[in-house]
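Q: Got a file for you: my_file-v9.txt, compact mmCIF, C-alpha atoms and all ligand atoms.
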# COMPACT_ATOMS: atom_id res chain seq x y z
CA MET A 13 -45.76 19.49 -4.97
CA PRO A 14 -43.59 22.57 -4.35
CA GLY A 15 -41.77 24.07 -7.32
CA TYR A 16 -39.61 27.02 -8.31
CA LEU A 17 -38.93 28.17 -11.82
CA ASP A 18 -35.76 30.22 -11.69
CA ASN A 19 -36.22 32.61 -14.59
CA GLY A 20 -35.72 36.36 -14.43
CA SER A 21 -38.67 37.33 -16.62
CA PHE A 22 -40.82 34.27 -16.17
CA GLY A 23 -40.12 33.08 -12.66
CA ALA A 24 -42.71 31.19 -10.67
CA LEU A 25 -42.79 29.94 -7.11
CA GLY A 26 -45.69 27.69 -6.30
CA CYS A 27 -47.02 24.68 -4.53
CA LYS A 28 -49.66 22.29 -5.85
CA LEU A 29 -51.83 20.31 -3.48
CA VAL A 30 -53.21 17.33 -5.32
CA THR A 31 -55.45 14.47 -4.26
CA VAL A 32 -56.18 11.21 -6.05
CA ALA A 33 -59.52 9.55 -5.33
CA PRO A 34 -60.12 6.88 -8.00
CA ASN A 35 -63.72 6.23 -6.89
CA ASN A 36 -64.83 9.73 -7.85
CA ALA A 37 -65.60 8.51 -11.36
CA ASN A 38 -68.20 6.10 -9.94
CA LEU A 39 -70.16 8.67 -7.96
CA GLU A 40 -73.75 9.33 -8.95
CA GLN A 41 -72.51 12.73 -10.05
CA PRO A 42 -68.96 11.88 -11.14
CA LEU A 43 -66.12 14.17 -10.10
CA PRO A 44 -62.57 14.29 -11.45
CA THR A 45 -60.39 11.62 -9.87
CA ILE A 46 -57.45 13.99 -9.56
CA ASN A 47 -58.20 17.34 -7.97
CA ALA A 48 -55.65 20.03 -7.45
CA HIS A 49 -55.07 23.61 -6.32
CA ILE A 50 -51.97 25.63 -6.94
CA MET A 51 -50.76 28.38 -4.64
CA LEU A 52 -48.72 30.87 -6.60
CA PHE A 53 -46.31 33.12 -4.71
CA ASP A 54 -44.35 36.16 -5.78
CA ASP A 55 -41.02 34.60 -6.60
CA ALA A 56 -39.07 37.56 -5.21
CA THR A 57 -40.97 38.33 -2.01
CA GLY A 58 -42.66 35.00 -1.29
CA VAL A 59 -46.01 36.78 -0.87
CA LEU A 60 -49.06 34.71 -1.93
CA LYS A 61 -50.43 36.04 -5.23
CA ALA A 62 -53.21 33.59 -6.04
CA VAL A 63 -54.78 30.23 -5.37
CA ILE A 64 -55.57 28.73 -8.77
CA SER A 65 -57.63 25.67 -9.57
CA GLY A 66 -55.11 23.08 -10.69
CA THR A 67 -57.37 20.26 -11.88
CA GLU A 68 -57.47 21.26 -15.53
CA ILE A 69 -53.91 22.56 -15.38
CA THR A 70 -52.80 19.09 -14.26
CA GLN A 71 -54.65 17.49 -17.16
CA TRP A 72 -53.29 19.83 -19.82
CA ARG A 73 -49.73 20.15 -18.63
CA THR A 74 -49.41 16.36 -18.42
CA ALA A 75 -50.57 15.91 -22.01
CA ALA A 76 -48.34 18.82 -23.07
CA ALA A 77 -45.33 17.16 -21.44
CA SER A 78 -46.08 13.91 -23.31
CA ALA A 79 -46.43 15.80 -26.59
CA VAL A 80 -43.09 17.53 -26.09
CA ALA A 81 -41.45 14.21 -25.16
CA THR A 82 -42.90 12.56 -28.28
CA LYS A 83 -41.69 15.38 -30.51
CA HIS A 84 -38.14 15.29 -29.14
CA LEU A 85 -37.78 11.51 -28.98
CA LYS A 86 -39.12 10.97 -32.51
CA PRO A 87 -38.10 14.14 -34.37
CA SER A 88 -38.03 12.61 -37.84
CA ARG A 89 -40.91 10.14 -37.78
CA LYS A 90 -44.21 10.60 -39.56
CA PHE A 91 -47.10 9.47 -37.39
CA GLU A 92 -50.37 7.94 -38.54
CA ILE A 93 -51.88 6.05 -35.63
CA LEU A 94 -52.16 7.04 -31.97
CA ALA A 95 -53.40 4.50 -29.41
CA ILE A 96 -54.69 5.77 -26.08
CA LEU A 97 -55.38 3.31 -23.28
CA GLY A 98 -57.72 4.92 -20.80
CA ALA A 99 -60.69 7.17 -21.52
CA GLY A 100 -60.57 9.15 -18.28
CA ALA A 101 -59.46 12.75 -17.87
CA GLN A 102 -55.92 12.12 -19.11
CA GLY A 103 -57.04 9.92 -22.01
CA ARG A 104 -59.45 12.62 -23.15
CA ILE A 105 -57.00 15.52 -22.96
CA HIS A 106 -54.23 13.50 -24.64
CA ALA A 107 -56.63 12.76 -27.51
CA ILE A 108 -57.49 16.45 -27.88
CA ALA A 109 -53.88 17.61 -27.59
CA PHE A 110 -52.33 14.99 -29.90
CA GLN A 111 -55.05 14.58 -32.55
CA HIS A 112 -53.65 16.96 -35.18
CA PHE A 113 -50.50 14.88 -35.67
CA PHE A 114 -52.38 11.64 -36.45
CA LYS A 115 -54.82 10.33 -39.04
CA GLN A 116 -56.40 7.90 -36.64
CA VAL A 117 -56.79 8.07 -32.87
CA ARG A 118 -57.71 4.77 -31.23
CA ILE A 119 -59.10 4.65 -27.72
CA TRP A 120 -59.38 1.60 -25.49
CA ASN A 121 -60.96 1.62 -22.05
CA ARG A 122 -61.53 -1.23 -19.60
CA ASN A 123 -65.16 -0.21 -19.56
CA ARG A 124 -65.79 0.12 -23.30
CA PRO A 125 -68.92 2.33 -23.25
CA ARG A 126 -66.78 5.09 -21.71
CA ALA A 127 -64.38 4.86 -24.67
CA GLU A 128 -67.35 4.91 -27.06
CA ARG A 129 -68.77 8.03 -25.42
CA LEU A 130 -65.43 9.80 -25.69
CA VAL A 131 -64.96 8.74 -29.32
CA SER A 132 -68.40 10.02 -30.17
CA GLU A 133 -67.68 13.38 -28.50
CA LEU A 134 -64.35 13.70 -30.32
CA ASN A 135 -65.71 12.67 -33.73
CA GLN A 136 -68.40 15.34 -33.42
CA SER A 137 -65.83 18.06 -32.88
CA SER A 138 -63.41 17.01 -35.63
CA ASP A 139 -63.83 16.60 -39.37
CA SER A 140 -60.30 15.54 -40.27
CA GLN A 141 -59.32 12.91 -37.71
CA GLU A 142 -60.88 9.53 -37.21
CA PHE A 143 -61.45 8.53 -33.59
CA LYS A 144 -62.18 4.84 -33.05
CA SER A 145 -62.97 2.85 -29.91
CA PHE A 146 -61.44 -0.56 -29.32
CA GLY A 147 -62.66 -3.44 -27.16
CA CYS A 148 -59.26 -5.12 -27.02
CA ASN A 149 -56.11 -3.38 -25.79
CA ARG A 150 -53.85 -5.54 -27.97
CA GLU A 151 -55.73 -4.63 -31.15
CA CYS A 152 -55.67 -0.99 -30.12
CA VAL A 153 -51.89 -0.98 -29.66
CA GLU A 154 -50.78 -3.14 -32.61
CA GLY A 155 -49.64 -0.99 -35.50
CA ALA A 156 -49.74 2.26 -33.53
CA ASP A 157 -46.89 4.73 -33.92
CA VAL A 158 -47.46 6.34 -30.53
CA ILE A 159 -49.14 4.85 -27.47
CA VAL A 160 -50.38 6.71 -24.39
CA THR A 161 -51.26 4.76 -21.25
CA ALA A 162 -53.45 6.74 -18.85
CA THR A 163 -55.10 4.33 -16.42
CA PHE A 164 -54.78 3.09 -12.87
CA ALA A 165 -54.07 -0.46 -14.07
CA LYS A 166 -51.79 -2.37 -11.73
CA GLU A 167 -51.10 -5.09 -14.28
CA ALA A 168 -49.36 -4.50 -17.57
CA ILE A 169 -51.83 -3.51 -20.26
CA VAL A 170 -49.22 -3.18 -23.01
CA GLN A 171 -46.79 -5.96 -24.01
CA LEU A 172 -43.51 -5.54 -25.87
CA GLU A 173 -44.45 -7.88 -28.71
CA TRP A 174 -47.46 -5.72 -29.56
CA LEU A 175 -45.26 -2.71 -30.32
CA LYS A 176 -44.06 -2.01 -33.82
CA GLU A 177 -40.46 -1.08 -34.59
CA GLY A 178 -39.75 2.48 -33.56
CA ALA A 179 -42.97 2.90 -31.58
CA HIS A 180 -43.04 5.49 -28.82
CA VAL A 181 -44.91 5.04 -25.53
CA ASN A 182 -45.94 7.77 -23.10
CA GLY A 183 -46.58 6.10 -19.76
CA GLU A 184 -48.53 8.36 -17.41
CA SER A 185 -48.95 6.12 -14.42
CA ARG A 186 -46.04 5.97 -12.02
CA ALA A 187 -44.22 2.73 -11.51
CA ILE A 188 -44.15 2.99 -7.76
CA LYS A 189 -42.01 0.98 -5.45
CA VAL A 190 -43.46 1.49 -2.01
CA GLN A 191 -40.57 1.14 0.42
CA ASP A 192 -40.76 -1.26 3.34
CA GLY A 193 -42.46 0.32 6.28
CA VAL A 194 -43.87 3.28 4.37
CA ARG A 195 -47.41 3.99 5.38
CA VAL A 196 -49.80 6.50 3.94
CA ILE A 197 -52.57 7.49 6.28
CA CYS A 198 -55.75 7.96 4.33
CA ALA A 199 -59.36 8.69 5.03
CA GLU A 200 -61.65 5.72 5.66
CA LYS A 201 -63.64 6.47 2.54
CA PHE A 202 -60.56 6.14 0.32
CA LYS A 203 -59.76 2.63 1.54
CA THR A 204 -61.86 0.99 -1.16
CA ALA A 205 -60.03 3.02 -3.74
CA PHE A 206 -56.66 1.87 -2.45
CA THR A 207 -57.87 -1.72 -2.18
CA SER A 208 -58.96 -1.63 -5.80
CA ARG A 209 -55.45 -0.49 -6.70
CA GLY A 210 -53.85 -3.50 -5.11
CA TYR A 211 -53.04 -2.38 -1.58
CA ASN A 212 -54.30 -4.87 0.90
CA SER A 213 -53.83 -3.91 4.48
CA GLU A 214 -55.74 -2.13 7.20
CA SER A 215 -53.16 0.65 7.33
CA PHE A 216 -53.05 1.65 3.69
CA PRO A 217 -50.88 1.16 1.79
CA VAL A 218 -48.26 -0.92 3.58
CA GLY A 219 -45.15 -1.13 1.47
CA ALA A 220 -43.52 -4.41 2.41
CA GLY A 221 -41.68 -4.55 -0.87
CA LEU A 222 -44.79 -3.98 -2.93
CA THR A 223 -43.78 -3.06 -6.45
CA HIS A 224 -46.28 -1.38 -8.70
CA HIS A 225 -44.90 -1.71 -12.18
CA SER A 226 -47.71 0.24 -13.72
CA GLU A 227 -49.11 -0.23 -17.17
CA LEU A 228 -46.17 -1.33 -19.30
CA SER A 229 -44.65 -4.79 -19.19
CA GLU A 230 -41.21 -4.99 -17.64
CA SER A 231 -39.75 -6.08 -20.98
CA ILE A 232 -40.80 -2.76 -22.53
CA TYR A 233 -38.77 -0.91 -19.92
CA LEU A 234 -35.87 -3.34 -20.33
CA ARG A 235 -35.77 -3.31 -24.14
CA GLY A 236 -36.87 0.24 -24.80
CA GLU A 237 -34.99 3.50 -24.45
CA VAL A 238 -36.48 4.98 -21.29
CA TYR A 239 -36.56 8.73 -20.68
CA VAL A 240 -38.02 10.61 -17.75
CA ASP A 241 -39.04 14.16 -16.96
CA HIS A 242 -36.96 14.36 -13.77
CA ARG A 243 -34.06 12.05 -13.02
CA THR A 244 -33.87 12.73 -9.28
CA GLY A 245 -37.58 11.98 -8.90
CA ALA A 246 -37.26 8.88 -11.07
CA GLU A 247 -34.42 7.50 -8.93
CA VAL A 248 -36.85 7.40 -6.00
CA GLU A 249 -40.26 6.88 -7.57
CA LEU A 250 -39.06 4.37 -10.12
CA ALA A 251 -36.71 2.54 -7.78
CA GLY A 252 -38.49 -0.73 -8.63
CA LEU A 253 -37.53 -0.30 -12.28
CA LYS A 254 -33.93 0.52 -11.43
CA GLU A 255 -33.74 -2.66 -9.38
CA LEU A 256 -34.88 -4.59 -12.45
CA GLY A 257 -31.91 -3.18 -14.33
CA VAL A 258 -33.77 -0.53 -16.30
CA GLU A 259 -31.52 2.32 -17.36
CA PHE A 260 -32.93 5.83 -17.56
CA LYS A 261 -31.28 7.32 -20.64
CA GLY A 262 -31.94 10.88 -19.62
CA GLU A 263 -34.38 13.70 -19.10
CA ILE A 264 -36.55 15.14 -21.86
CA GLY A 265 -35.19 18.57 -20.90
CA SER A 266 -31.69 17.46 -21.93
CA LEU A 267 -32.99 16.54 -25.39
CA ILE A 268 -34.70 19.92 -25.70
CA ALA A 269 -31.53 21.71 -24.58
CA GLY A 270 -29.49 19.73 -27.13
CA ASP A 271 -27.33 18.09 -24.44
CA LEU A 272 -28.56 14.67 -25.60
CA SER A 273 -29.34 13.39 -29.08
CA PRO A 274 -32.52 11.45 -29.75
CA PRO A 275 -32.12 7.67 -30.01
CA PRO A 276 -32.15 6.01 -33.48
CA SER A 277 -35.65 6.26 -34.94
CA ASN A 278 -36.13 2.49 -35.17
CA ARG A 279 -35.78 2.05 -31.39
CA ILE A 280 -38.77 1.69 -29.10
CA THR A 281 -38.83 4.69 -26.79
CA VAL A 282 -40.63 5.26 -23.51
CA PHE A 283 -41.35 8.52 -21.80
CA GLN A 284 -42.17 7.58 -18.21
CA SER A 285 -43.94 10.63 -16.93
CA LEU A 286 -43.88 11.44 -13.23
CA GLY A 287 -45.29 14.95 -13.31
CA MET A 288 -43.23 17.93 -12.25
CA ALA A 289 -44.19 20.78 -9.97
CA VAL A 290 -42.40 23.30 -12.23
CA GLU A 291 -44.85 22.42 -14.99
CA ASP A 292 -47.68 23.46 -12.66
CA CYS A 293 -45.84 26.60 -11.58
CA ALA A 294 -45.26 27.66 -15.19
CA MET A 295 -48.92 27.10 -16.07
CA ALA A 296 -50.12 28.91 -12.94
CA ARG A 297 -47.93 31.85 -13.81
CA LEU A 298 -49.34 31.92 -17.37
CA VAL A 299 -52.91 31.81 -16.06
CA TYR A 300 -52.16 34.51 -13.51
CA ASP A 301 -50.53 36.82 -16.08
CA LEU A 302 -53.46 36.35 -18.46
CA TYR A 303 -55.91 37.11 -15.64
CA LYS A 304 -54.06 40.28 -14.73
CA THR A 305 -54.04 41.56 -18.31
CA ALA A 306 -57.64 40.57 -19.14
N1 LIG B 401 -47.58 11.77 -14.95
C1 LIG B 401 -48.36 12.74 -14.56
O1 LIG B 401 -47.95 13.90 -14.49
C2 LIG B 401 -49.78 12.45 -14.24
C3 LIG B 401 -50.20 11.17 -14.27
N2 LIG B 401 -51.51 10.88 -14.02
C4 LIG B 401 -51.88 9.48 -14.05
O2 LIG B 401 -52.71 9.25 -15.17
C5 LIG B 401 -53.58 8.15 -14.91
C6 LIG B 401 -55.02 8.51 -15.28
O3 LIG B 401 -55.45 9.62 -14.51
P1 LIG B 401 -56.87 10.32 -14.85
O4 LIG B 401 -57.13 10.22 -16.29
O5 LIG B 401 -56.85 11.66 -14.20
O6 LIG B 401 -57.86 9.37 -14.06
P2 LIG B 401 -59.40 9.04 -14.43
O7 LIG B 401 -59.99 8.52 -13.18
O8 LIG B 401 -60.02 10.20 -15.05
O9 LIG B 401 -59.30 7.86 -15.47
C7 LIG B 401 -58.81 6.63 -15.03
C8 LIG B 401 -58.75 5.66 -16.16
O10 LIG B 401 -58.11 4.47 -15.67
C9 LIG B 401 -58.95 3.35 -15.98
N3 LIG B 401 -58.68 2.32 -14.98
C10 LIG B 401 -58.82 2.39 -13.66
N4 LIG B 401 -58.43 1.25 -13.08
C11 LIG B 401 -58.05 0.43 -14.08
C12 LIG B 401 -57.55 -0.89 -14.13
N5 LIG B 401 -57.35 -1.60 -13.02
N6 LIG B 401 -57.26 -1.42 -15.35
C13 LIG B 401 -57.45 -0.71 -16.48
N7 LIG B 401 -57.92 0.55 -16.50
C14 LIG B 401 -58.21 1.12 -15.30
C15 LIG B 401 -60.34 3.91 -15.95
O11 LIG B 401 -61.19 3.01 -16.63
P3 LIG B 401 -62.75 2.78 -16.22
O12 LIG B 401 -63.51 3.84 -16.95
O13 LIG B 401 -63.00 1.41 -16.73
O14 LIG B 401 -62.81 2.89 -14.73
C16 LIG B 401 -60.13 5.23 -16.67
O15 LIG B 401 -59.99 5.03 -18.05
C17 LIG B 401 -53.38 7.80 -13.43
O16 LIG B 401 -52.46 6.73 -13.32
C18 LIG B 401 -52.74 9.06 -12.87
O17 LIG B 401 -51.94 8.83 -11.72
C19 LIG B 401 -52.42 11.85 -13.79
C20 LIG B 401 -52.04 13.17 -13.74
C21 LIG B 401 -50.68 13.56 -13.93
O1 LIG B 402 -48.01 15.22 -11.32
C1 LIG B 402 -49.15 15.15 -10.83
O2 LIG B 402 -49.85 16.13 -10.55
C2 LIG B 402 -49.69 13.82 -10.58
N1 LIG B 402 -49.05 12.73 -10.90
C3 LIG B 402 -49.81 11.55 -10.59
C4 LIG B 402 -51.05 12.06 -9.98
C5 LIG B 402 -50.98 13.54 -10.02
Can the structure from this file be put into structure tokens for me?
Ligand SMILES: NC(=O)C1=CN([C@@H]2O[C@H](COP(=O)(O)OP(=O)(O)OC[C@H]3O[C@@H](n4cnc5c(N)ncnc54)[C@H](OP(=O)(O)O)[C@@H]3O)[C@@H](O)[C@H]2O)C=CC1
Ligand SMILES: O=C([O-])C1=[NH+]CCC1

A:
Amino acid sequence: MPGYLDNGSFGALGCKLVTVAPNNANLEQPLPTINAHIMLFDDATGVLKAVISGTEITQWRTAAASAVATKHLKPSRKFEILAILGAGAQGRIHAIAFQHFFKQVRIWNRNRPRAERLVSELNQSSDSQEFKSFGCNRECVEGADVIVTATFAKEAIVQLEWLKEGAHVNGESRAIKVQDGVRVICAEKFKTAFTSRGYNSESFPVGAGLTHHSELSESIYLRGEVYVDHRTGAEVELAGLKELGVEFKGEIGSLIAGDLSPPPSNRITVFQSLGMAVEDCAMARLVYDLYKTA
């Protein structure tokens, strides 16, 4: 993921290399599923300045982007309940980052003991918020003001009729349309991981029109007001949604810049996050500057 932040005093030129290996969580000694490194270059000379671990940066900057999207899409709403689907790395960091704006944080995970472990960890470190694990995704979502989906589910795990009026959803998983003929060459050991995500050929994953509509039901995208982080990326990576007739209302950056107004507060809103390289570049630059002044 190459990126360039064109800013005189806070410029950053970088490239993140990121791998996704969903089976890492099942290892005897579990490893993060998403591992990353960021190469940070001098933005004037192009000289390499640092190679920075990007695993935690990816976790935090993704939750930060969702928080900013939530704030700008729902500027006047008072929140009480947050529902997080997925108790992996993203679920955990979203809970930590969002907790102060909610009275109750609900966490659902396909494998419930993992949600219970996370809830127990979070309750120990907080005395004001209530963290609660849920065994049923519907119960977790119903009544929530804000929902975060952070799983590798290939079927919808949130339905439109479960959402209350004015709810906001941060969808982390990409809705990928793999184009016909596209092939990703991957190591033998990752084949199981791809199979478990719905790809089913010897040469993984073969596109052949495969549409991965991610975690939200199509009706949520069709009835909600859908915003993205990066329109150009969304046109490609969310091509399957566009074909369904989903309209991307705009980028979160345009709301922040004041070029767009937030939708009426009673509308269901969706931030479909793709992840942007400039987010990683900005974070790498911050880390680098802190390191140099420490
Ligand atoms: N938009 C962005 O910028 C970014 C998006 N992401 C996305 O966020 C998501 C989570 O990533 P991360 O937290 O790092 O991954 P983790 O491996 O740490 O967590 C994965 C989570 O997904 C759950 N899960 C896996 N398969 C399924 C399934 N078929 N149905 C329901 N739940 C499932 C796991 O549950 P269990 O414990 O039961 O296995 C676990 O809760 C991924 O889709 C990833 O691509 C990640 C980084 C950046
Ligand atoms: O933006 C990102 O780094 C990622 N998005 C999905 C997996 C990793």

Q: Restrict the calculation to only C-alpha atoms, then for each residue of range 115-174 of chain A with any atom at most 10 Å from an atom of range 103-111 of chain A give the closest atom pair and their distance in Å to one decimal, rows by chain and rising residue number, as CSV.

A:
residue,atom,partner,partner_atom,distance
A:Lys115,CA,A:Gln111,CA,7.8
A:Gln116,CA,A:Gln111,CA,7.9
A:Val117,CA,A:Gln111,CA,6.7
A:Arg118,CA,A:Ala107,CA,8.9
A:Ile119,CA,A:Gly103,CA,8.0
A:Trp120,CA,A:Gly103,CA,9.3
A:Asn121,CA,A:Gly103,CA,9.2
A:Ala127,CA,A:Gly103,CA,9.3
A:Leu130,CA,A:Arg104,CA,7.1
A:Val131,CA,A:Arg104,CA,9.1
A:Glu133,CA,A:Arg104,CA,9.8
A:Leu134,CA,A:Ile108,CA,7.8
A:Ser137,CA,A:Ile108,CA,9.9
A:Ser138,CA,A:Gln111,CA,9.2
A:Ser140,CA,A:Gln111,CA,9.4
A:Gln141,CA,A:Gln111,CA,6.9
A:Glu142,CA,A:Gln111,CA,9.0
A:Phe143,CA,A:Ala107,CA,8.8
A:Val158,CA,A:Phe110,CA,9.9
A:Val160,CA,A:Gly103,CA,7.8
A:Thr161,CA,A:Gly103,CA,7.8
A:Ala162,CA,A:Gly103,CA,5.7
A:Thr163,CA,A:Gly103,CA,8.1

Q: From the list A:Leu29, A:Ala56, A:Ile50, A:Cys152, which residue is nearest Leu94 in chain A when using all atoms listed in the file?

A: A:Cys152

Q: Got a sec to check which residues lie within 7 Å of ligand LIG 401 (chain B), using all atoms listed in the file, and send them as JSON, numbers by chain?

A: {"A": [34, 37, 44, 45, 46, 70, 71, 74, 98, 99, 100, 101, 102, 103, 121, 122, 123, 126, 162, 163, 164, 165, 166, 184, 185, 186, 209, 285, 286, 287, 288]}

Q: May I ask for the distance between CA of Arg73 in chain A and CA of Val282 in chain A, given in Å to one decimal place?

A: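 Interatomic distance here is 18.1 Å.
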
Q: What would the list of residues within 10 Å of (-45.0, 29.4, -7.9) (file frame) look like as a PyMOL selection string, if all atoms listed in the file are what count?

A: chain A and resi 14-17+23-28+50-55+58+60-62+289-297

Q: Give the answer as one residue: which of A:Thr244, A:Thr305, A:Ser231, A:Thr67 has the shortest atom-to-atom distance to ligand LIG 402 (chain B), using all atoms listed in the file?

A: A:Thr67

Q: Work out how far CA of Glu92 in chain A is from CA of Glu259 in chain A, in Å to one decimal.

A: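 Here the two named atoms are 28.9 Å from each other.
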
Q: By how many Å are CA of Leu250 in chain A and CA of Asn35 in chain A apart?

A: 24.9 Å

Q: For Lys86 in chain A, which residue among A:Asp157, A:Glu151, A:Glu173, A:Glu230 is the nearest when counting all atoms listed in the file?

A: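 Ranked by minimum distance to Lys86 in chain A, first place goes to A:Asp157.
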